[in-house]
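Engineer: Before I ask anything, let me first share the structure, which is written out below as structure tokens.
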Amino acid sequence: MSNIFEMDNVTFAHHPTMPNVLDGFSIAVEEGSRTAILGANGAGKTTMFYTLAGVYKPQSGEVLFRGEPLDYSRDGLTRVRSEVAVVLQNPDEQMFCSLVEEDVAFGPLNLGIDRDEIETRIDKALRDVRMTEYRRSPLQQLSGGQRKRVAIAGALAVNPSVMIMDEPTAGLDPQASMEVLELAEKLHLQGVTVLISTHDIDLAYTWADSVNVLRNGKKVFSGTSEEFYSNQEEVHLCGLLSPSTFNMNREISALRGVPESPYPHNVSEFLSKFGKAGAGRVFCVACPEDRVCDIYDEAVREAGSGARIGVYGSDTRYGLSGKKIDYYFDGIDSCFTEAVLGRDSVLFYDPVYDPLIKERAGALKEFGSDIVLEEVR
Amino acid sequence: MTQTILEANDVCYRYSKKSGNVLDHVSLRIDKGVKTAILGANGAGKSTLFSVLNALYKPDSGEVLYHGEPLSYRKRNILRMRSEVSILFQNPNDMLFRPNVEQDVAYGPENLKLPREEIQKRVDDALFAVGMSDFRKSPVMRLSYGQRKRVTLAGVLAMHPQVLIMDEPTAGLDPQMAYEVMEIAEQLCCNGVTVIMSSHDTNLTYSWADEIHVMQNGKCVYSGTPEGFYSDKIAVYQAGLLAPSAFLMNEGLSSIGVVSRDPFPRTQTEVSAKIADNKGGRFGTLHIMEIAPDSDINALVMDHGFGDLSTGIYGMSARRAQDTSKARIDFMYNGPENCTMKCMAGQDSLVLCDPVMVESAKKSAEFINNGGYGDIKVDVIRL
């Protein structure tokens with residue numbers, strides 16, 4: 001895979017008299033990757049995002065987008081921003097319009113996209129963040145969590161090939177955070193490069209393919225989470241702590257005298273490694289949007305009584321509201337956990353997540369579980 | 001004897017006559033010394049509830065009782081109550097209004113008309129507690145979000161409140177700072193302060209809280225132990241929450257009989273110990289050494305021959321002493337947990353501990369011993 005972004009020895013200060021926020025900073029972001037950016041408050045994460053998106057121009061060093069140096073002319077920046085969307089930590093910093101739909105339309109309008117296409121994008125983006133019913137609401141009347149979702153919708157409406165999210169789950173309640181994570185997975189499956197900075201180390205540990213760690217304006221690590229967290233001293237110096245799943249795996253593996261690898265990243269993998277590697281069936285139902293409810297009854301009947309029911313993806317969740325569901329959020333991990341514990345379950349999901357389910361099932365097999373995916377059509 | 005310190009009795013509140021109730025017949029009781037978490041989705045009414053408990057808002061109907069007495073909203077009474085019940089808002093920018101750090105922290109104590117030296121001492125201690133001693137003279141405007149958040153915490157600590165309400169105290173903080181805030185909360189509890197906290201981090205509140213109150217659409221829909229709530233999947237979903245992973249792991253394993261359901265492990269160490277099932281193993285001794293702010297840690301550690309042990313630190317006075325002595329510490333964060341795990345692995349370890357926090361430092365080891373998951377000897381070395 002090629003790098004979509006590169007920064008080479010970049011130095012940036014807000015003012016010549018102030019210290020460098022980015023100080024000889026280099027990073028490479030692989031196209032299509034799920035990349036987490038970690039670091040203490042003040043390490044330079046947000047500044048790095050602004051520099052990637054061309055908002056800040058470095059005093060020295062180079063920013064490359066698709067191998068080309070960033071062009072800071074008006075046209076050049078418009079081109080970058082038609083592909084790179086940034087969701088800021090504080091949604092209020094990127095909202096200027098009075099109504100939700102106007103705000104979501106702002107990005108596409110600036111790119112000169114025609115009105116009909118924009119309407120379609122607003123619809124789709126608001127549905128993805130489940131804010132459709134607020135389309136004509138004044139932004140002023142929304143809660144912080146809702147404004148955050150509108151900001152994400154605004155970024156989605158640009159149809160970006162790179163999605164940068166600065167602390168996307170901060171201030172969101174747990175279910176809203178899970179929705180953001182689902183959205184990030186969806187973008188990834190659509191080929192979008194997703195960069196997320198977060199203080200939620202557990203979340204980053206479950207989600208990211210690779211982590212980049214920043215300290216005092218420098219990138220001090222890039223690679224797998226395990227490699228980074230294994231160096232406790234470095235973790236400490238970076239203002240971080242290791243994720244609890246990582247710690248528990250290390251501790252229990254040591255006590256049982258088993259290797260730390262493979263490293264579990266979620267509940268089903270953890271239980272598969274240390275509990276019992278069962279072989280329950282997961283009935284997988286990819287739900288076409290318009291027929292979710294008909295499929296539900298059929299699939300539940302096929303799975304037999306007693307099977308737990310999980311959901312993944314907002315379309316399916318919305319479509320099945322009112323039906324009996326056991327796991328409304330994190331359906332993949334929950335149904336896989338059922339399987340590890342030897343029980344059958346049914347997983348309803350938006351079709352786009354099909355490859356993710358196969359990927360997770362493949363990963364789970366490494367932990368000894370022989371779960372069976374039964375595709376229901 | 002439990003003693004109720006704050007109570008909401010059928011409280012309704014709305015921001016304007018046209019809008020619906022943000023608090024809708026809320027009744028809940030907060031007992032003295034009980035670590036209380038308020039949970040709920042965005043917009044459930046948590047922050048409004050805090051403002052009502054702190055007499056910032058007066059309920060449209062119902063009443064708030066403090067020490068069993070209905071709040072009087074006369075200015076003098078409110079000021080007295082607020083000198084005892086402090087609130088830490090989610091957004092630090094709502095709370096900072098003086099130009100530099102030490103002035104801002106001194107604001108509350110000055111209003112209490114305390115003597116000059118007492119104010120100085122409180123500002124010192126509070127800034128040390130939040131790791132901002134070096135920023136005393138810094139302009140507040142120059143600080144980052146996380147730093148401002150710490151300064152606001154220092155401001156409420158300097159009030160020496162009896163009740164501290166914290167709205168999302170760890171949101172936006174990096175992991176180490178978030179841990180420090182939780183240790184401060186624990187220290188306050190050990191000092192007899194009643195701490196009430198809201199947070200979206202369910203894992204964090206699960207490992208901390210004795211009791212939870214769940215808000216949903218302006219109503220308090222649950223009060224009690226966390227497990228009582230998380231066992232009801234539908235209720236958890238409707239409240240916009242998710243169960244903590246420690247709870248889910250324990251539920252999963254106990255449902256197939258690998259472990260018993262009780263006792264519920266709430267921390268990482270407790271989960272590890274329960275799952276590892278290390279019954280026949282060798283266990284180390286957990287030495288907990290009380291440390292005063294002026295203790296010479298290096299000398300104490302040498303005297304006891306603890307120089308080779310894995311060492312963790314816990315609590316304010318121990319951190320003060322460590323700051324002076326620059327002693328070697330293996331675990332600056334999660335000291336008791338990490339040291340307890342060392343004992344599980346058969347090694348002795350040492351926690352340098354604030355005297356008021358000894359009981360808290362023992363907790364994980366006691367969970368392990370009482371549950372039969374290990375046999376860790378706990379040795380407390382008094383000052």
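Residues are referred to by chain and number: the chain letter is A, B, ... according to the order shown in the structure tokens, the number counts from 1 in that chain, and ligands are numbered separately from 1 in the order shown.
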For the alpha helix (DSSP H) assignment from backbone DSSP, which residues of region 143-274 of chain B qualify? Please present them as an MDAnalysis selection string.
Structural biologist: chainID B and resid 145:157 175:190 202:208 226:230 233:238 245:255 268:274
Engineer: Got a sec to pull out which chain B residues are within 9 Å of chain A, counting only C-alpha atoms, and send them as an MDAnalysis selection string?
Structural biologist: chainID B and resid 40:43 144:147 168 171:177 179 199:202 233:234 237 240:242 245 248:249 252:253 255:256 258 268:269 271:273 275:278 281 332:333 341 344:345
Engineer: Put those residues in a file: N, CA and C atoms, as a short mmCIF file (atom, residue, chain, number, x, y, z; two decimals), in the first residue's frame.
Structural biologist:
```
data_model
loop_
_atom_site.label_atom_id
_atom_site.label_comp_id
_atom_site.auth_asym_id
_atom_site.auth_seq_id
_atom_site.Cartn_x
_atom_site.Cartn_y
_atom_site.Cartn_z
N GLY B 40 -25.70 8.43 32.52
CA GLY B 40 -26.81 8.71 31.61
C GLY B 40 -26.30 9.21 30.28
N ALA B 41 -27.15 9.13 29.26
CA ALA B 41 -26.78 9.56 27.91
C ALA B 41 -26.63 11.07 27.85
N ASN B 42 -26.07 11.56 26.75
CA ASN B 42 -26.04 13.00 26.52
C ASN B 42 -27.46 13.53 26.60
N GLY B 43 -27.64 14.60 27.34
CA GLY B 43 -28.96 15.22 27.39
C GLY B 43 -29.93 14.58 28.38
N SER B 144 -3.30 25.06 28.13
CA SER B 144 -4.07 24.16 27.27
C SER B 144 -5.34 23.74 28.01
N TYR B 145 -6.22 23.09 27.26
CA TYR B 145 -7.48 22.63 27.84
C TYR B 145 -7.26 21.73 29.06
N GLY B 146 -6.36 20.77 28.92
CA GLY B 146 -6.10 19.85 30.02
C GLY B 146 -5.53 20.57 31.24
N GLN B 147 -4.68 21.55 30.98
CA GLN B 147 -4.09 22.32 32.08
C GLN B 147 -5.17 23.15 32.78
N GLU B 168 -18.01 15.05 34.56
CA GLU B 168 -17.05 14.56 33.55
C GLU B 168 -15.62 15.00 33.85
N ALA B 171 -12.94 13.89 31.13
CA ALA B 171 -13.14 14.09 29.69
C ALA B 171 -12.09 15.05 29.14
N GLY B 172 -11.47 14.66 28.05
CA GLY B 172 -10.46 15.51 27.41
C GLY B 172 -9.09 15.41 28.05
N LEU B 173 -8.96 14.65 29.12
CA LEU B 173 -7.64 14.50 29.76
C LEU B 173 -6.93 13.26 29.21
N ASP B 174 -5.61 13.34 29.11
CA ASP B 174 -4.89 12.16 28.66
C ASP B 174 -4.89 11.11 29.78
N PRO B 175 -4.54 9.87 29.44
CA PRO B 175 -4.74 8.77 30.39
C PRO B 175 -4.06 8.98 31.75
N GLN B 176 -2.85 9.50 31.76
CA GLN B 176 -2.18 9.68 33.05
C GLN B 176 -2.90 10.73 33.90
N MET B 177 -3.27 11.83 33.25
CA MET B 177 -3.98 12.87 34.00
C MET B 177 -5.32 12.36 34.49
N TYR B 179 -6.02 9.35 35.29
CA TYR B 179 -5.74 8.52 36.46
C TYR B 179 -5.50 9.39 37.69
N SER B 199 -19.72 10.54 34.47
CA SER B 199 -18.72 10.21 33.47
C SER B 199 -19.34 9.30 32.42
N HIS B 200 -18.86 9.47 31.17
CA HIS B 200 -19.30 8.56 30.11
C HIS B 200 -18.40 7.34 30.04
N ASP B 201 -17.34 7.34 30.83
CA ASP B 201 -16.42 6.21 30.81
C ASP B 201 -16.94 5.16 31.78
N THR B 202 -17.69 4.18 31.25
CA THR B 202 -18.33 3.22 32.14
C THR B 202 -17.32 2.32 32.86
N LYS B 233 -30.23 -5.79 30.83
CA LYS B 233 -29.74 -5.34 29.52
C LYS B 233 -30.64 -4.30 28.88
N ILE B 234 -31.94 -4.51 28.98
CA ILE B 234 -32.88 -3.59 28.32
C ILE B 234 -32.75 -2.21 28.96
N TYR B 237 -29.67 -0.47 27.75
CA TYR B 237 -29.84 0.03 26.39
C TYR B 237 -30.69 1.30 26.39
N GLY B 240 -29.10 4.50 27.20
CA GLY B 240 -28.05 5.00 26.32
C GLY B 240 -26.66 4.58 26.78
N LEU B 241 -26.58 3.54 27.61
CA LEU B 241 -25.27 3.16 28.17
C LEU B 241 -24.82 1.81 27.65
N LEU B 242 -23.64 1.41 28.04
CA LEU B 242 -23.13 0.08 27.75
C LEU B 242 -22.57 -0.48 29.05
N SER B 245 -16.61 -3.56 30.49
CA SER B 245 -16.10 -4.83 29.98
C SER B 245 -15.77 -5.82 31.10
N LEU B 248 -18.94 -7.60 31.72
CA LEU B 248 -19.29 -8.52 30.63
C LEU B 248 -18.45 -9.79 30.67
N MET B 249 -17.15 -9.62 30.94
CA MET B 249 -16.27 -10.80 30.99
C MET B 249 -16.71 -11.73 32.12
N GLY B 252 -19.95 -13.46 31.18
CA GLY B 252 -19.73 -14.49 30.19
C GLY B 252 -19.17 -15.75 30.82
N LEU B 253 -18.11 -15.60 31.59
CA LEU B 253 -17.44 -16.77 32.16
C LEU B 253 -18.30 -17.44 33.22
N SER B 255 -21.53 -17.54 33.23
CA SER B 255 -22.69 -18.18 32.61
C SER B 255 -22.37 -19.61 32.15
N ILE B 256 -21.10 -19.91 31.93
CA ILE B 256 -20.76 -21.28 31.53
C ILE B 256 -20.01 -21.99 32.65
N VAL B 258 -17.30 -21.27 34.38
CA VAL B 258 -15.84 -21.22 34.53
C VAL B 258 -15.45 -20.54 35.84
N GLN B 268 -9.17 -4.07 36.74
CA GLN B 268 -8.33 -4.92 35.92
C GLN B 268 -7.66 -6.03 36.74
N THR B 269 -7.10 -5.64 37.88
CA THR B 269 -6.41 -6.62 38.72
C THR B 269 -7.37 -7.68 39.23
N VAL B 271 -10.15 -8.69 37.80
CA VAL B 271 -10.51 -9.58 36.69
C VAL B 271 -9.37 -10.57 36.45
N SER B 272 -8.16 -10.04 36.37
CA SER B 272 -7.01 -10.92 36.10
C SER B 272 -6.91 -12.01 37.14
N ALA B 273 -7.00 -11.62 38.42
CA ALA B 273 -6.83 -12.59 39.50
C ALA B 273 -7.91 -13.65 39.45
N ILE B 275 -9.75 -14.64 36.85
CA ILE B 275 -9.68 -15.51 35.68
C ILE B 275 -8.43 -16.39 35.69
N ALA B 276 -7.33 -15.84 36.21
CA ALA B 276 -6.06 -16.59 36.14
C ALA B 276 -6.13 -17.89 36.93
N ASP B 277 -6.93 -17.88 38.01
CA ASP B 277 -7.16 -19.11 38.77
C ASP B 277 -5.84 -19.77 39.17
N ASN B 278 -5.11 -19.04 39.96
CA ASN B 278 -3.74 -19.41 40.28
C ASN B 278 -3.66 -20.07 41.66
N GLY B 281 -0.51 -21.43 43.39
CA GLY B 281 0.72 -20.67 43.18
C GLY B 281 1.35 -20.14 44.45
N MET B 332 4.19 4.81 38.93
CA MET B 332 3.69 6.13 39.30
C MET B 332 2.16 6.14 39.23
N TYR B 333 1.61 5.26 38.42
CA TYR B 333 0.16 5.18 38.23
C TYR B 333 -0.31 3.79 38.58
N MET B 341 -0.54 -7.16 41.61
CA MET B 341 -0.28 -8.15 40.56
C MET B 341 1.09 -8.79 40.73
N MET B 344 0.68 -11.46 43.08
CA MET B 344 0.03 -12.62 42.46
C MET B 344 1.07 -13.47 41.74
N ALA B 345 2.08 -12.77 41.19
CA ALA B 345 3.11 -13.49 40.43
C ALA B 345 4.22 -14.00 41.35
#
```
Engineer: Please determine, counting only C-alpha atoms, which residue among B:His304, B:Arg80, B:Lys32, B:His67 has the shortest atom-to-atom distance to Asn191 (chain B).
Structural biologist: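 The answer is B:Lys32, which sits nearest to Asn191 (chain B).
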Engineer: Go through A:Met7, A:Val292, A:Val150, A:Met131 and flag the residue nearest Ser321 (chain A), using only C-alpha atoms for the distances.
Structural biologist: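 Smallest separation from Ser321 (chain A) among the options: A:Val292.
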Engineer: Residues near Thr206 (chain A), anyone? I mean within 6 Å using only C-alpha atoms, not counting same-chain ones fewer than 2 positions away, as a list in words.
Structural biologist: Leu203, Ala204 and His265 of chain A
Engineer: Considering only C-alpha atoms, state which residue in the set B:Gly280, B:Pro59, B:Pro169, B:Pro99 is at the smallest distance from Met197 (chain B).
Structural biologist: B:Pro169
Engineer: Taking the DSSP assignment computed from this structure's backbone, write out as a VMD selection string all residues of region 12-122 of chain A that belong to strand (DSSP E).
Structural biologist: chain A and resid 12 22 to 30 34 to 39 60 to 65 68 to 69 84 to 87
Engineer: Leaving out Asp290 (chain A) and any residue of its chain fewer than 5 positions from it, which residues lie within 12 Å of it when counting only C-alpha atoms, given as number ranges by chain?
Structural biologist: A: 295-296, 315-316, 318-320, 350
